[in-house]
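Single-structure report; data block below.
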Amino acid sequence: MESHLLLCILLLIPAFASSDFLVTHVRNIKKRNSDNDLVVNGIEIYRMKIDSKVTSRFAHNVITSRAVNRGNAHKEVFFDVELPKTAFITNFSMTIDGITYPGNIKEKEAAKQQYEKAVSKGQTAGLVKASGRKTEKFTVSVNIAAGSKVTFELIYEELLKRQFGKYEMFIKVKPKQLVKDFEIEVNIFEPQGISELEAEGTFITNDLQNVIRKTFSHKKGHISFKPTLDQQRTCENCSQSLLDGDFIVKYDVERTTPDNLQIVNGYFVHFFAPMNLPKLPKNVIFIIDISGSMSGREIQQTREALLKILDDIKEDDHFNFILFGSDVHTWKETLIKATPENLDEARKFVRGIDTKGLTNLYGGMMKGIDMLNAAHEGNLVPKRSASIIIMLTDGQPNVGISNTQDIQTHVKKAIEGKYTLYNLGFGYGVDYNFLEKMALENKGLARRIYPDSDSALQLQGFYDEVSNPMLRDVELNYPENEIADVTKNSFKHFYDGSEIVVAGRLRDINQNSLTVDVKGEGANDALSFTSQQDKEQTAKAFQEQEYIFGDFIERLWAYLTIEQLLEKRISATGEEKDNLTAEALDLSLKYKFVTPLTSMVVTKPEEDENQAAIADKPTEAEAQAAPIVAQASPVHYVHASNPTWYTSVDGDPHFIISVPQKEDAICFNINENPGAVLRLINDPVTGITVNGELIGDKKVNNDAKIQNTYFGKLGIANKHLDLKVTVTPEKITIQNETGKTTFTWLDSVTVQQESLTLIINKKKSLVLSMGSGASFVIVLHQVWKKHPLHRDFLGLYTLESHKLSEQTHGLLGQFFHPIDFAILEIHPGSDPKKPDATMIFKNKELIVTRGWQKDYRRDPEHGIDIPCWFVHNNGAGLIDGVHTDYVVSSLF
């Protein structure tokens with residue numbers, strides 16, 4: 001339900017800057033040329049243009065960047081652009097000294113083989129990765145000679161979706177250096193006529209306000225932003241650019257009729273957005289996860305969001321709250337009307353919501369569905385109303401029915417198409433694929449809520465999108481004998497400020513007209529009308545050809561069809577899924593879209609050793625696969641465990657530091673003897689410390705000539721609370737001023753105290769949090785008791801690192817602070833599958849190797865491979881000091 005076109009433009013800048021921009025890095029040259037503030041590390045960007053053409057909501061965007069190597073040696077230039085997740089790349093090329101190297105879109109497996117062949121030789125590669133809430137990053141690099149010029153051109157397309165009554169184009173501008181010729185140009189052509197057009201920027205000063213040029217007249221709109229060099233400067237003689245922020249364009253169209261139908265070259269598109277309808281009363285069930293993992297900021301933000309939502313609920317609406325932890329609790333036994341008195345009582349209830357127990361998601365879902373069924377059967381809610389279920393969880397089901405496929409089956413059978421289900425996944429601990437499948441099967445959608453300071457606003461924002469249903473059971477019907485390959489044409493709800501879009505192909509390309517019948521259920525009566533459009537009317541509306549790009553309606557139809565096929569594919573199985581995949585793949589290749597089924601391969605010049613770059617498009621569920629627990633701090637997930645008995649890599653405790661803003665990870669080993677105790681986390685402000693004691697194999701591995709070590713004991717303490725927790729592969733001991741309490745891994749228990757939450761997942765893992773500090777997940781790795789070599793051991797995962805102070809340190813704790821690094825000169829290593837490279841970290845050059853380690857959070861037996869850059873010699877150059885500085889005398 002994203003409602004806007006989000007376009008993030010990033011320019012060529014020095015590699016030591018954040019990865020949020022286009023990067024130009026030259027090794028060994030780290031000073032700006034003071035004689036020419038347009039040249040940074042030998043590279044001048046002399047032209048940058050973002051050219052967007054929008055015709056009938058379909059946007060065609062061209063990003064062009066031109067640079068010249070002013071230095072006296074070869075320079076490697078990285079082209080790094082952030083795109084909307086809903087956009088499809090359609091073309092990329094780079095032109096070096098007049099020779100163009102184009103990108104070719106191929107089926108994903110074929111492209112992957114070409115890519116892996118290049119990577120096996122240690123060559124660099126370009127990728128598209130999920131890089132933010134709404135963006136994914138396109139990256140490619142090329143080496144150019146002294147005096148050479150390079151032009152990068154990237155093209156992508158997207159259908160703008162209407163939300164809150166407007167279409168929005170969002171352009172993130174962060175050049176981080178002055179650009180001689182910088183320009184943003186947006187041309188909009190809407191046959192219905194443009195009713196309003198506005199442009200603004202978060203970085204726009206009073207002096208820059210007049211640089212934004214905006215005009216619109218009936219069907220055409222134009223916006224340009226072209227600051228001079230002096231206007232880009234932060235001060236009169238500064239070389240820094242103040243172009244740093246968001247540039248936003250919003251518009252809407254004239255609506256004299258409820259719909260608009262357009263026909264061009266044998267294809268049609270139908271826009272439906274009726275105005276001034278009375279709002280449908282709604283019946284909303286809020287199903288909220290209150291398990292222990294939601295404690296702290298998550299539940300606080302959930303309470304804040306629900307209180308804001310209660311302020312927006314209309315008196316004609318009905319609602320209720322269902323809370324699920326280990327057990328299921330309801331506020332009221334049935335849905336109740338949103339009277340002022342009931343809303344006041346609801347606010348008191350929401351303020352008292354707290355966390356406890358495990359995650360009985362199935363029980364919460366079934367209770368909500370049963371409650372809606374009872375309300376309709378007992379005529380407790382209006383017949384003409386919209387029923388909605390909004391479910392929020394931050395984890396995975398582990399009480400009651402926990403098999404996700406079984407839950408999907410039961411929920412779909414219980415809902416029977418009567419209600420819309422929206423699943424909100426808080427953070428990265430959720431099974432997003434499961435939430436998305438279940439929502440799509442029940443005419444809804446899933447949305448990830450990013451754990452950050454604005455999580456409450458994200459929750460409230462989602463509710464705002466679905467809070468004003470105007471119609472239900474909307475159908476747009478076209479003569480079956482006249483049209484083919486029509487996109488989705490039935491919709492459970494139409495929401496105020498949104499728009500329904502349907503496209504299709506005419507069986508007869510010479511057909512002159514098309515008739516559509518629209519039906520829907522409104523608040524007072526049924527809506528029904530017939531609309532007709534002929535080609536002559538459309539042709540007359542499209543006379544301004546300079547605003548039209550190619551067969552845009554055909555491409556709009558292809559875009560929408562692929563998007564919906566991929567959506568259907570999520571919940572499909574077997575032959576149906578195969579057929580949907582084949583159809584989406586054929587269209588992706590025909591129209592040259594980079595989708596989750598295709599990749600774009602870029603072959604570089606021979607001087608660049610025939611390197612290949614590949615552009616993939618990840619899905620939201622794939623974005624979750626990386627071991628990232630997103631919080632406010634830039635390093636969000638840290639893992640320490642030893643996977644050696646699962647794989648043949650490294651023998652000592654292996655640390656993985658995820659760097660989400662890089663969409664990458666760094667890993668290192670610590671080689672110490674059994675019995676050594678390592679300081680992992682130490683926060684003097686919150687009083688939390690975490691230490692780990694190493695154990696060794698039962699004997700030295702004669703084949704490897706080494707004795708592997710693992711974490712055999714973990715000590716987690718909070719000195720402010722006089723609280724200590726000791727964890728071994730055999731038992732968990734809690735010690736405080738009142739005494740000791742011991743549990744075994746055979747227990748499935750939840751301990752909920754004012755200063756402690758402990759949840760034991762029998763023989764698998766435990767979750768622990770102390771006071772308002774971070775949460776820790778400890779994974780139990782068990783081996784065959786008679787194994788001649790290995791022992792049971794523990795893995796430690798740190799969540800919610802933002803709850804620890806900036807003074808936190810330790811082998812893991814030091815990486816809770818922002819870090820940045822750059823990878824250069826990728827080349828073949830001793831292992832052909834693991835190239836070496838140079839890492840720039842804190843102005844130091846480290847030799848690193850590309851490899852992978854295991855994340856055992858979700859699968860303690862097999863783990864998930866996590867690619868990372870391995871730092872040798874006990875993390876030398878990466879960690880502060882040397883590794884022996886972190887050896888302490890005892891567990892506490």
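Going through the structure tokens in order, the chains are called A, B, and so on, while each chain numbers its residues from 1 and the ligands are numbered from 1 in the order shown.
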**Request:** Do a neighbour search on Thr573 in chain A at 12 Å with only C-alpha atoms, toss out local chain neighbours closer than 6 positions, and write the hits as a ChimeraX atom specification.
**Result:** /A:405,437,579-581
Hey, can you spit out that residue selection with C-alpha atoms as a PDB file, in the first residue's frame?
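Saved result, part24.pdb, follows:
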```
ATOM      1  CA  GLN A 405       1.257 -23.558   7.635  1.00  0.00           C
ATOM      2  CA  LYS A 437       1.101 -15.145   3.024  1.00  0.00           C
ATOM      3  CA  ASN A 579       2.642 -21.197 -13.625  1.00  0.00           C
ATOM      4  CA  LEU A 580       2.614 -17.800 -11.907  1.00  0.00           C
ATOM      5  CA  THR A 581       6.423 -17.781 -11.865  1.00  0.00           C
TER       6      THR A 581
END
```
Residue contacts of range 143-159 of chain A (8 Å, only C-alpha atoms) excluding same-chain residues fewer than 3 positions away, as a PDB file with N, CA and C atoms, in the first residue's frame:
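Listing of selection.pdb after writing:
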```pdb
ATOM      1  N   LEU A   5       5.932   7.583  -5.043  1.00  0.00           N
ATOM      2  CA  LEU A   5       7.163   7.195  -5.719  1.00  0.00           C
ATOM      3  C   LEU A   5       8.311   7.734  -4.894  1.00  0.00           C
ATOM      4  N   ARG A  57       0.069   8.723 -13.975  1.00  0.00           N
ATOM      5  CA  ARG A  57       0.581   8.098 -12.740  1.00  0.00           C
ATOM      6  C   ARG A  57       1.779   7.188 -12.962  1.00  0.00           C
ATOM      7  N   PHE A  58       2.144   6.905 -14.201  1.00  0.00           N
ATOM      8  CA  PHE A  58       3.258   5.992 -14.456  1.00  0.00           C
ATOM      9  C   PHE A  58       4.530   6.802 -14.668  1.00  0.00           C
ATOM     10  N   ALA A  59       5.523   6.547 -13.825  1.00  0.00           N
ATOM     11  CA  ALA A  59       6.735   7.368 -13.803  1.00  0.00           C
ATOM     12  C   ALA A  59       7.890   6.664 -14.502  1.00  0.00           C
ATOM     13  N   HIS A  60       8.559   7.410 -15.363  1.00  0.00           N
ATOM     14  CA  HIS A  60       9.748   6.959 -16.094  1.00  0.00           C
ATOM     15  C   HIS A  60      10.893   7.869 -15.650  1.00  0.00           C
ATOM     16  N   ASN A  61      11.874   7.286 -14.968  1.00  0.00           N
ATOM     17  CA  ASN A  61      12.915   8.082 -14.319  1.00  0.00           C
ATOM     18  C   ASN A  61      14.284   7.760 -14.892  1.00  0.00           C
ATOM     19  N   VAL A  62      15.033   8.795 -15.222  1.00  0.00           N
ATOM     20  CA  VAL A  62      16.383   8.641 -15.766  1.00  0.00           C
ATOM     21  C   VAL A  62      17.358   9.399 -14.869  1.00  0.00           C
ATOM     22  N   ILE A  63      18.315   8.685 -14.320  1.00  0.00           N
ATOM     23  CA  ILE A  63      19.358   9.296 -13.494  1.00  0.00           C
ATOM     24  C   ILE A  63      20.651   9.280 -14.304  1.00  0.00           C
ATOM     25  N   THR A  64      21.222  10.444 -14.531  1.00  0.00           N
ATOM     26  CA  THR A  64      22.463  10.558 -15.298  1.00  0.00           C
ATOM     27  C   THR A  64      23.517  11.248 -14.456  1.00  0.00           C
ATOM     28  N   SER A  65      24.683  10.632 -14.368  1.00  0.00           N
ATOM     29  CA  SER A  65      25.798  11.220 -13.630  1.00  0.00           C
ATOM     30  C   SER A  65      27.043  11.173 -14.510  1.00  0.00           C
ATOM     31  N   ARG A  66      27.721  12.315 -14.630  1.00  0.00           N
ATOM     32  CA  ARG A  66      28.917  12.402 -15.463  1.00  0.00           C
ATOM     33  C   ARG A  66      30.085  12.904 -14.622  1.00  0.00           C
ATOM     34  N   ALA A  67      31.214  12.208 -14.740  1.00  0.00           N
ATOM     35  CA  ALA A  67      32.390  12.559 -13.945  1.00  0.00           C
ATOM     36  C   ALA A  67      33.641  12.423 -14.796  1.00  0.00           C
ATOM     37  N   VAL A  68      34.696  13.094 -14.362  1.00  0.00           N
ATOM     38  CA  VAL A  68      35.974  13.037 -15.062  1.00  0.00           C
ATOM     39  C   VAL A  68      37.073  12.803 -14.030  1.00  0.00           C
ATOM     40  N   ASN A  69      38.033  11.981 -14.401  1.00  0.00           N
ATOM     41  CA  ASN A  69      39.179  11.704 -13.544  1.00  0.00           C
ATOM     42  C   ASN A  69      40.225  12.798 -13.756  1.00  0.00           C
ATOM     43  N   ARG A  70      40.350  13.735 -12.823  1.00  0.00           N
ATOM     44  CA  ARG A  70      41.301  14.837 -12.919  1.00  0.00           C
ATOM     45  C   ARG A  70      42.677  14.453 -12.371  1.00  0.00           C
ATOM     46  N   GLY A  71      42.785  13.221 -11.837  1.00  0.00           N
ATOM     47  CA  GLY A  71      44.057  12.796 -11.282  1.00  0.00           C
ATOM     48  C   GLY A  71      45.018  12.305 -12.338  1.00  0.00           C
ATOM     49  N   ASN A  72      46.143  11.764 -11.890  1.00  0.00           N
ATOM     50  CA  ASN A  72      47.165  11.267 -12.818  1.00  0.00           C
ATOM     51  C   ASN A  72      47.326   9.761 -12.734  1.00  0.00           C
ATOM     52  N   ALA A  73      46.309   9.076 -12.205  1.00  0.00           N
ATOM     53  CA  ALA A  73      46.341   7.612 -12.125  1.00  0.00           C
ATOM     54  C   ALA A  73      44.920   7.088 -12.251  1.00  0.00           C
ATOM     55  N   HIS A  74      44.801   5.767 -12.481  1.00  0.00           N
ATOM     56  CA  HIS A  74      43.481   5.149 -12.542  1.00  0.00           C
ATOM     57  C   HIS A  74      42.743   5.342 -11.218  1.00  0.00           C
ATOM     58  N   LYS A  75      41.437   5.534 -11.302  1.00  0.00           N
ATOM     59  CA  LYS A  75      40.596   5.674 -10.117  1.00  0.00           C
ATOM     60  C   LYS A  75      39.394   4.732 -10.265  1.00  0.00           C
ATOM     61  N   GLU A  76      39.012   4.116  -9.161  1.00  0.00           N
ATOM     62  CA  GLU A  76      37.792   3.310  -9.184  1.00  0.00           C
ATOM     63  C   GLU A  76      36.632   4.153  -8.685  1.00  0.00           C
ATOM     64  N   VAL A  77      35.562   4.167  -9.476  1.00  0.00           N
ATOM     65  CA  VAL A  77      34.388   4.974  -9.179  1.00  0.00           C
ATOM     66  C   VAL A  77      33.211   4.045  -8.877  1.00  0.00           C
ATOM     67  N   PHE A  79      29.168   3.743  -8.405  1.00  0.00           N
ATOM     68  CA  PHE A  79      27.881   4.382  -8.693  1.00  0.00           C
ATOM     69  C   PHE A  79      26.857   3.719  -7.779  1.00  0.00           C
ATOM     70  N   THR A  86       9.323  -0.524  -4.659  1.00  0.00           N
ATOM     71  CA  THR A  86       8.260  -0.885  -5.599  1.00  0.00           C
ATOM     72  C   THR A  86       8.619  -0.584  -7.046  1.00  0.00           C
ATOM     73  N   ALA A  87       9.805  -0.052  -7.294  1.00  0.00           N
ATOM     74  CA  ALA A  87      10.213   0.285  -8.661  1.00  0.00           C
ATOM     75  C   ALA A  87      10.896  -0.903  -9.329  1.00  0.00           C
ATOM     76  N   PHE A  88      10.851  -0.926 -10.664  1.00  0.00           N
ATOM     77  CA  PHE A  88      11.566  -1.913 -11.465  1.00  0.00           C
ATOM     78  C   PHE A  88      12.623  -1.190 -12.298  1.00  0.00           C
ATOM     79  N   ILE A  89      13.887  -1.573 -12.132  1.00  0.00           N
ATOM     80  CA  ILE A  89      14.926  -1.072 -13.021  1.00  0.00           C
ATOM     81  C   ILE A  89      14.662  -1.612 -14.420  1.00  0.00           C
ATOM     82  N   THR A  90      14.819  -0.759 -15.422  1.00  0.00           N
ATOM     83  CA  THR A  90      14.601  -1.199 -16.801  1.00  0.00           C
ATOM     84  C   THR A  90      15.858  -1.105 -17.657  1.00  0.00           C
ATOM     85  N   ASN A  91      16.823  -0.300 -17.253  1.00  0.00           N
ATOM     86  CA  ASN A  91      18.044  -0.190 -18.065  1.00  0.00           C
ATOM     87  C   ASN A  91      19.146   0.473 -17.256  1.00  0.00           C
ATOM     88  N   PHE A  92      20.374   0.082 -17.569  1.00  0.00           N
ATOM     89  CA  PHE A  92      21.547   0.745 -17.015  1.00  0.00           C
ATOM     90  C   PHE A  92      22.669   0.665 -18.045  1.00  0.00           C
ATOM     91  N   SER A  93      23.423   1.729 -18.124  1.00  0.00           N
ATOM     92  CA  SER A  93      24.599   1.709 -18.997  1.00  0.00           C
ATOM     93  C   SER A  93      25.649   2.634 -18.417  1.00  0.00           C
ATOM     94  N   MET A  94      26.910   2.352 -18.774  1.00  0.00           N
ATOM     95  CA  MET A  94      27.981   3.287 -18.459  1.00  0.00           C
ATOM     96  C   MET A  94      28.795   3.512 -19.717  1.00  0.00           C
ATOM     97  N   THR A  95      29.113   4.759 -19.944  1.00  0.00           N
ATOM     98  CA  THR A  95      29.856   5.155 -21.140  1.00  0.00           C
ATOM     99  C   THR A  95      31.198   5.712 -20.701  1.00  0.00           C
ATOM    100  N   ILE A  96      32.272   5.081 -21.178  1.00  0.00           N
ATOM    101  CA  ILE A  96      33.629   5.487 -20.819  1.00  0.00           C
ATOM    102  C   ILE A  96      34.360   5.893 -22.086  1.00  0.00           C
ATOM    103  N   ASP A  97      34.753   7.164 -22.150  1.00  0.00           N
ATOM    104  CA  ASP A  97      35.463   7.688 -23.320  1.00  0.00           C
ATOM    105  C   ASP A  97      34.744   7.342 -24.623  1.00  0.00           C
ATOM    106  N   LEU A 556       2.597   0.188 -18.291  1.00  0.00           N
ATOM    107  CA  LEU A 556       1.877   0.268 -17.023  1.00  0.00           C
ATOM    108  C   LEU A 556       1.154  -1.056 -16.762  1.00  0.00           C
ATOM    109  N   TYR A 559       3.745  -3.692 -15.820  1.00  0.00           N
ATOM    110  CA  TYR A 559       4.219  -3.440 -14.454  1.00  0.00           C
ATOM    111  C   TYR A 559       3.196  -3.954 -13.437  1.00  0.00           C
ATOM    112  N   LEU A 560       1.929  -3.566 -13.626  1.00  0.00           N
ATOM    113  CA  LEU A 560       0.885  -3.939 -12.681  1.00  0.00           C
ATOM    114  C   LEU A 560       0.654  -5.449 -12.694  1.00  0.00           C
ATOM    115  N   ASP A 608      39.076  -3.523 -17.181  1.00  0.00           N
ATOM    116  CA  ASP A 608      38.604  -3.837 -15.832  1.00  0.00           C
ATOM    117  C   ASP A 608      38.482  -5.340 -15.655  1.00  0.00           C
TER     118      ASP A 608
END
```
Can you list, as a short mmCIF file (atom, residue, chain, number, x, y, z; two decimals) with all heavy atoms, in the first residue's frame, every protein, DNA or RNA residue that comes within 7 Å of Asp316 in chain A when you count only C-alpha atoms, leaving out same-chain residues fewer than 2 positions away?
```cif
data_model
loop_
_atom_site.label_atom_id
_atom_site.label_comp_id
_atom_site.auth_asym_id
_atom_site.auth_seq_id
_atom_site.Cartn_x
_atom_site.Cartn_y
_atom_site.Cartn_z
N PRO A 281 -19.15 2.68 8.33
CA PRO A 281 -18.74 2.33 9.70
C PRO A 281 -17.79 1.13 9.63
O PRO A 281 -17.92 0.27 8.75
CB PRO A 281 -20.06 1.96 10.38
CG PRO A 281 -21.13 2.55 9.53
CD PRO A 281 -20.61 2.56 8.13
N LYS A 314 -14.20 6.70 14.97
CA LYS A 314 -15.48 7.42 14.85
C LYS A 314 -16.55 6.76 15.72
O LYS A 314 -16.51 5.57 16.00
CB LYS A 314 -15.94 7.45 13.38
CG LYS A 314 -14.87 7.88 12.39
CD LYS A 314 -14.42 9.30 12.59
CE LYS A 314 -13.51 9.77 11.47
NZ LYS A 314 -12.25 9.01 11.38
N HIS A 318 -17.17 0.16 15.65
CA HIS A 318 -17.11 -0.80 16.75
C HIS A 318 -15.69 -1.35 16.82
O HIS A 318 -15.03 -1.48 15.80
CB HIS A 318 -18.11 -1.95 16.53
CG HIS A 318 -19.55 -1.54 16.67
ND1 HIS A 318 -20.18 -0.74 15.74
CD2 HIS A 318 -20.47 -1.80 17.65
CE1 HIS A 318 -21.44 -0.54 16.11
NE2 HIS A 318 -21.64 -1.18 17.27
N LYS A 337 -19.47 -0.33 20.69
CA LYS A 337 -19.51 0.91 19.93
C LYS A 337 -18.56 1.94 20.52
O LYS A 337 -18.35 1.99 21.73
CB LYS A 337 -20.94 1.46 19.91
CG LYS A 337 -21.16 2.54 18.87
CD LYS A 337 -22.63 2.91 18.74
CE LYS A 337 -22.84 3.94 17.63
NZ LYS A 337 -24.25 4.34 17.50
N ALA A 338 -18.01 2.78 19.64
CA ALA A 338 -16.99 3.76 20.06
C ALA A 338 -17.63 5.03 20.62
O ALA A 338 -17.45 6.13 20.10
CB ALA A 338 -16.08 4.08 18.89
#
```
**Request:** Do a neighbour search on Gln232 in chain A at 8 Å with only C-alpha atoms, toss out local chain neighbours closer than 6 positions, and write the hits as a VMD selection string.
**Result:** chain A and resid 178 241 to 243
**Asked** At what distance in Å, to one decimal, does CA of Glu482 in chain A lie from CA of Gly520 in chain A?
**Response**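 If I compute the distance from CA of Gly520 in chain A to CA of Glu482 in chain A, I get 22.7 Å.
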Kindly assemble as a tab-separated table a list of the range 442-481 of chain A residues that lie within 12 Å of range 285-298 of chain A, each paired with its nearest atom pair and their distance in Å to one decimal, using only C-alpha atoms, sorted first by chain and then by ascending residue number.
```
residue	atom	partner	partner_atom	distance
A:Ile449	CA	A:Glu298	CA	10.3
A:Tyr450	CA	A:Glu298	CA	10.4
A:Pro451	CA	A:Glu298	CA	7.5
A:Asp452	CA	A:Arg297	CA	9.1
A:Ser453	CA	A:Arg297	CA	8.9
A:Asp454	CA	A:Glu298	CA	10.8
A:Ser455	CA	A:Glu298	CA	8.1
A:Ala456	CA	A:Glu298	CA	8.8
A:Leu459	CA	A:Glu298	CA	11.2
A:Tyr463	CA	A:Phe286	CA	10.6
```
Could you dump the residues just selected with N, CA, C and O atoms as a PDB file, in the first residue's frame?
```
ATOM      1  N   ILE A 449       7.001  -3.054  10.676  1.00  0.00           N
ATOM      2  CA  ILE A 449       7.162  -1.876  11.520  1.00  0.00           C
ATOM      3  C   ILE A 449       8.614  -1.867  11.979  1.00  0.00           C
ATOM      4  O   ILE A 449       9.062  -2.777  12.679  1.00  0.00           O
ATOM      5  N   TYR A 450       9.342  -0.856  11.567  1.00  0.00           N
ATOM      6  CA  TYR A 450      10.775  -0.802  11.868  1.00  0.00           C
ATOM      7  C   TYR A 450      10.987  -0.309  13.300  1.00  0.00           C
ATOM      8  O   TYR A 450      10.475   0.745  13.679  1.00  0.00           O
ATOM      9  N   PRO A 451      11.725  -1.081  14.109  1.00  0.00           N
ATOM     10  CA  PRO A 451      11.946  -0.672  15.493  1.00  0.00           C
ATOM     11  C   PRO A 451      12.867   0.532  15.558  1.00  0.00           C
ATOM     12  O   PRO A 451      14.059   0.435  15.351  1.00  0.00           O
ATOM     13  N   ASP A 452      12.285   1.665  15.786  1.00  0.00           N
ATOM     14  CA  ASP A 452      13.044   2.910  15.810  1.00  0.00           C
ATOM     15  C   ASP A 452      12.269   3.893  16.689  1.00  0.00           C
ATOM     16  O   ASP A 452      11.222   3.558  17.233  1.00  0.00           O
ATOM     17  N   SER A 453      12.764   5.103  16.784  1.00  0.00           N
ATOM     18  CA  SER A 453      12.117   6.088  17.650  1.00  0.00           C
ATOM     19  C   SER A 453      10.728   6.470  17.163  1.00  0.00           C
ATOM     20  O   SER A 453       9.915   6.983  17.934  1.00  0.00           O
ATOM     21  N   ASP A 454      10.441   6.235  15.870  1.00  0.00           N
ATOM     22  CA  ASP A 454       9.137   6.618  15.320  1.00  0.00           C
ATOM     23  C   ASP A 454       8.222   5.428  15.098  1.00  0.00           C
ATOM     24  O   ASP A 454       7.273   5.502  14.313  1.00  0.00           O
ATOM     25  N   SER A 455       8.454   4.316  15.788  1.00  0.00           N
ATOM     26  CA  SER A 455       7.623   3.123  15.575  1.00  0.00           C
ATOM     27  C   SER A 455       6.149   3.400  15.857  1.00  0.00           C
ATOM     28  O   SER A 455       5.267   2.899  15.150  1.00  0.00           O
ATOM     29  N   ALA A 456       5.870   4.194  16.884  1.00  0.00           N
ATOM     30  CA  ALA A 456       4.481   4.526  17.190  1.00  0.00           C
ATOM     31  C   ALA A 456       3.834   5.266  16.026  1.00  0.00           C
ATOM     32  O   ALA A 456       2.668   5.017  15.677  1.00  0.00           O
ATOM     33  N   LEU A 459       2.971   2.796  13.249  1.00  0.00           N
ATOM     34  CA  LEU A 459       1.733   2.066  13.550  1.00  0.00           C
ATOM     35  C   LEU A 459       0.514   2.945  13.304  1.00  0.00           C
ATOM     36  O   LEU A 459      -0.463   2.515  12.675  1.00  0.00           O
ATOM     37  N   TYR A 463      -2.586   2.639  10.377  1.00  0.00           N
ATOM     38  CA  TYR A 463      -4.017   2.700  10.689  1.00  0.00           C
ATOM     39  C   TYR A 463      -4.702   3.799   9.894  1.00  0.00           C
ATOM     40  O   TYR A 463      -5.820   3.619   9.390  1.00  0.00           O
TER      41      TYR A 463
END
```
**A:His270, A:His883, A:Arg472, A:Lys662 ranked by distance to Thr487 in chain A, top pick (using only C-alpha atoms)** =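 For Thr487 in chain A, the nearest of the given residues is A:His270.
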**Message:** Taking 6 positions as the minimum chain separation for residues in the same chain, which residues sit within 8 Å of Gly400 in chain A when counting only C-alpha atoms? Answer as a ChimeraX atom specification.
**Reply:** /A:360,362-363
N, CA, C and O atoms of the current selection, written as a CSV table (one decimal), in the first residue's frame:
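Written output follows (out_7.csv):
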```
chain,number,residue,atom,x,y,z
A,360,ASN,N,1.3,-17.0,21.7
A,360,ASN,CA,0.2,-17.8,21.3
A,360,ASN,C,-0.5,-17.0,20.2
A,360,ASN,O,-1.7,-16.6,20.3
A,362,TYR,N,-1.7,-18.1,17.3
A,362,TYR,CA,-2.9,-18.8,16.8
A,362,TYR,C,-4.1,-18.5,17.7
A,362,TYR,O,-5.2,-18.2,17.2
A,363,GLY,N,-3.9,-18.6,19.0
A,363,GLY,CA,-5.1,-18.4,19.9
A,363,GLY,C,-5.6,-17.0,19.8
A,363,GLY,O,-6.8,-16.8,19.8
```
**Item:** Pairwise distance for CA of Asn187 in chain A and CA of Ser224 in chain A, rounded to one decimal in Å
**Value:**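 CA of Asn187 in chain A sits 8.7 Å away from CA of Ser224 in chain A.
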**Message:** Under the rule that only C-alpha atoms are counted, which of A:Asp244, A:Asp354, A:Asp697, A:Asp431 is the nearest residue to Asn403 in chain A?
**Reply:**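 The closest residue to Asn403 in chain A is A:Asp431.
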Hey, what's within 10 Å of Pro397 in chain A if we count only C-alpha atoms and toss same-chain stuff fewer than 2 positions away? As an mmCIF file with C-alpha atoms, in the first residue's frame, please?
```
data_model
loop_
_atom_site.group_PDB
_atom_site.id
_atom_site.type_symbol
_atom_site.label_atom_id
_atom_site.label_comp_id
_atom_site.auth_asym_id
_atom_site.auth_seq_id
_atom_site.Cartn_x
_atom_site.Cartn_y
_atom_site.Cartn_z
ATOM 1 C CA GLY A 325 1.113 -13.935 25.302
ATOM 2 C CA SER A 326 1.111 -17.506 26.554
ATOM 3 C CA LEU A 358 5.348 -16.598 25.126
ATOM 4 C CA THR A 359 3.608 -16.147 21.756
ATOM 5 C CA ASN A 360 0.193 -17.788 21.288
ATOM 6 C CA LEU A 361 -0.452 -16.124 17.944
ATOM 7 C CA TYR A 362 -2.913 -18.792 16.822
ATOM 8 C CA GLY A 363 -5.063 -18.354 19.927
ATOM 9 C CA THR A 393 3.547 -9.297 16.553
ATOM 10 C CA ASP A 394 7.311 -9.113 16.983
ATOM 11 C CA GLY A 395 8.108 -12.821 17.112
ATOM 12 C CA VAL A 399 2.484 -21.747 22.120
ATOM 13 C CA GLY A 400 -0.608 -23.666 21.006
ATOM 14 C CA ILE A 401 -0.482 -24.354 17.276
ATOM 15 C CA SER A 402 2.943 -23.087 16.256
ATOM 16 C CA ASN A 403 3.261 -24.572 12.763
ATOM 17 C CA THR A 404 2.804 -21.563 10.495
ATOM 18 C CA ILE A 407 -2.122 -21.464 11.340
ATOM 19 C CA VAL A 430 9.148 -12.124 12.779
ATOM 20 C CA ASP A 431 8.593 -14.678 10.049
#
```
**Message:** Just want the 8 Å neighbourhood of Glu521 in chain A, counted on only C-alpha atoms, with same-chain residues fewer than 6 positions away dropped. Output as a ChimeraX atom specification.
**Reply:** /A:384,471-474,527
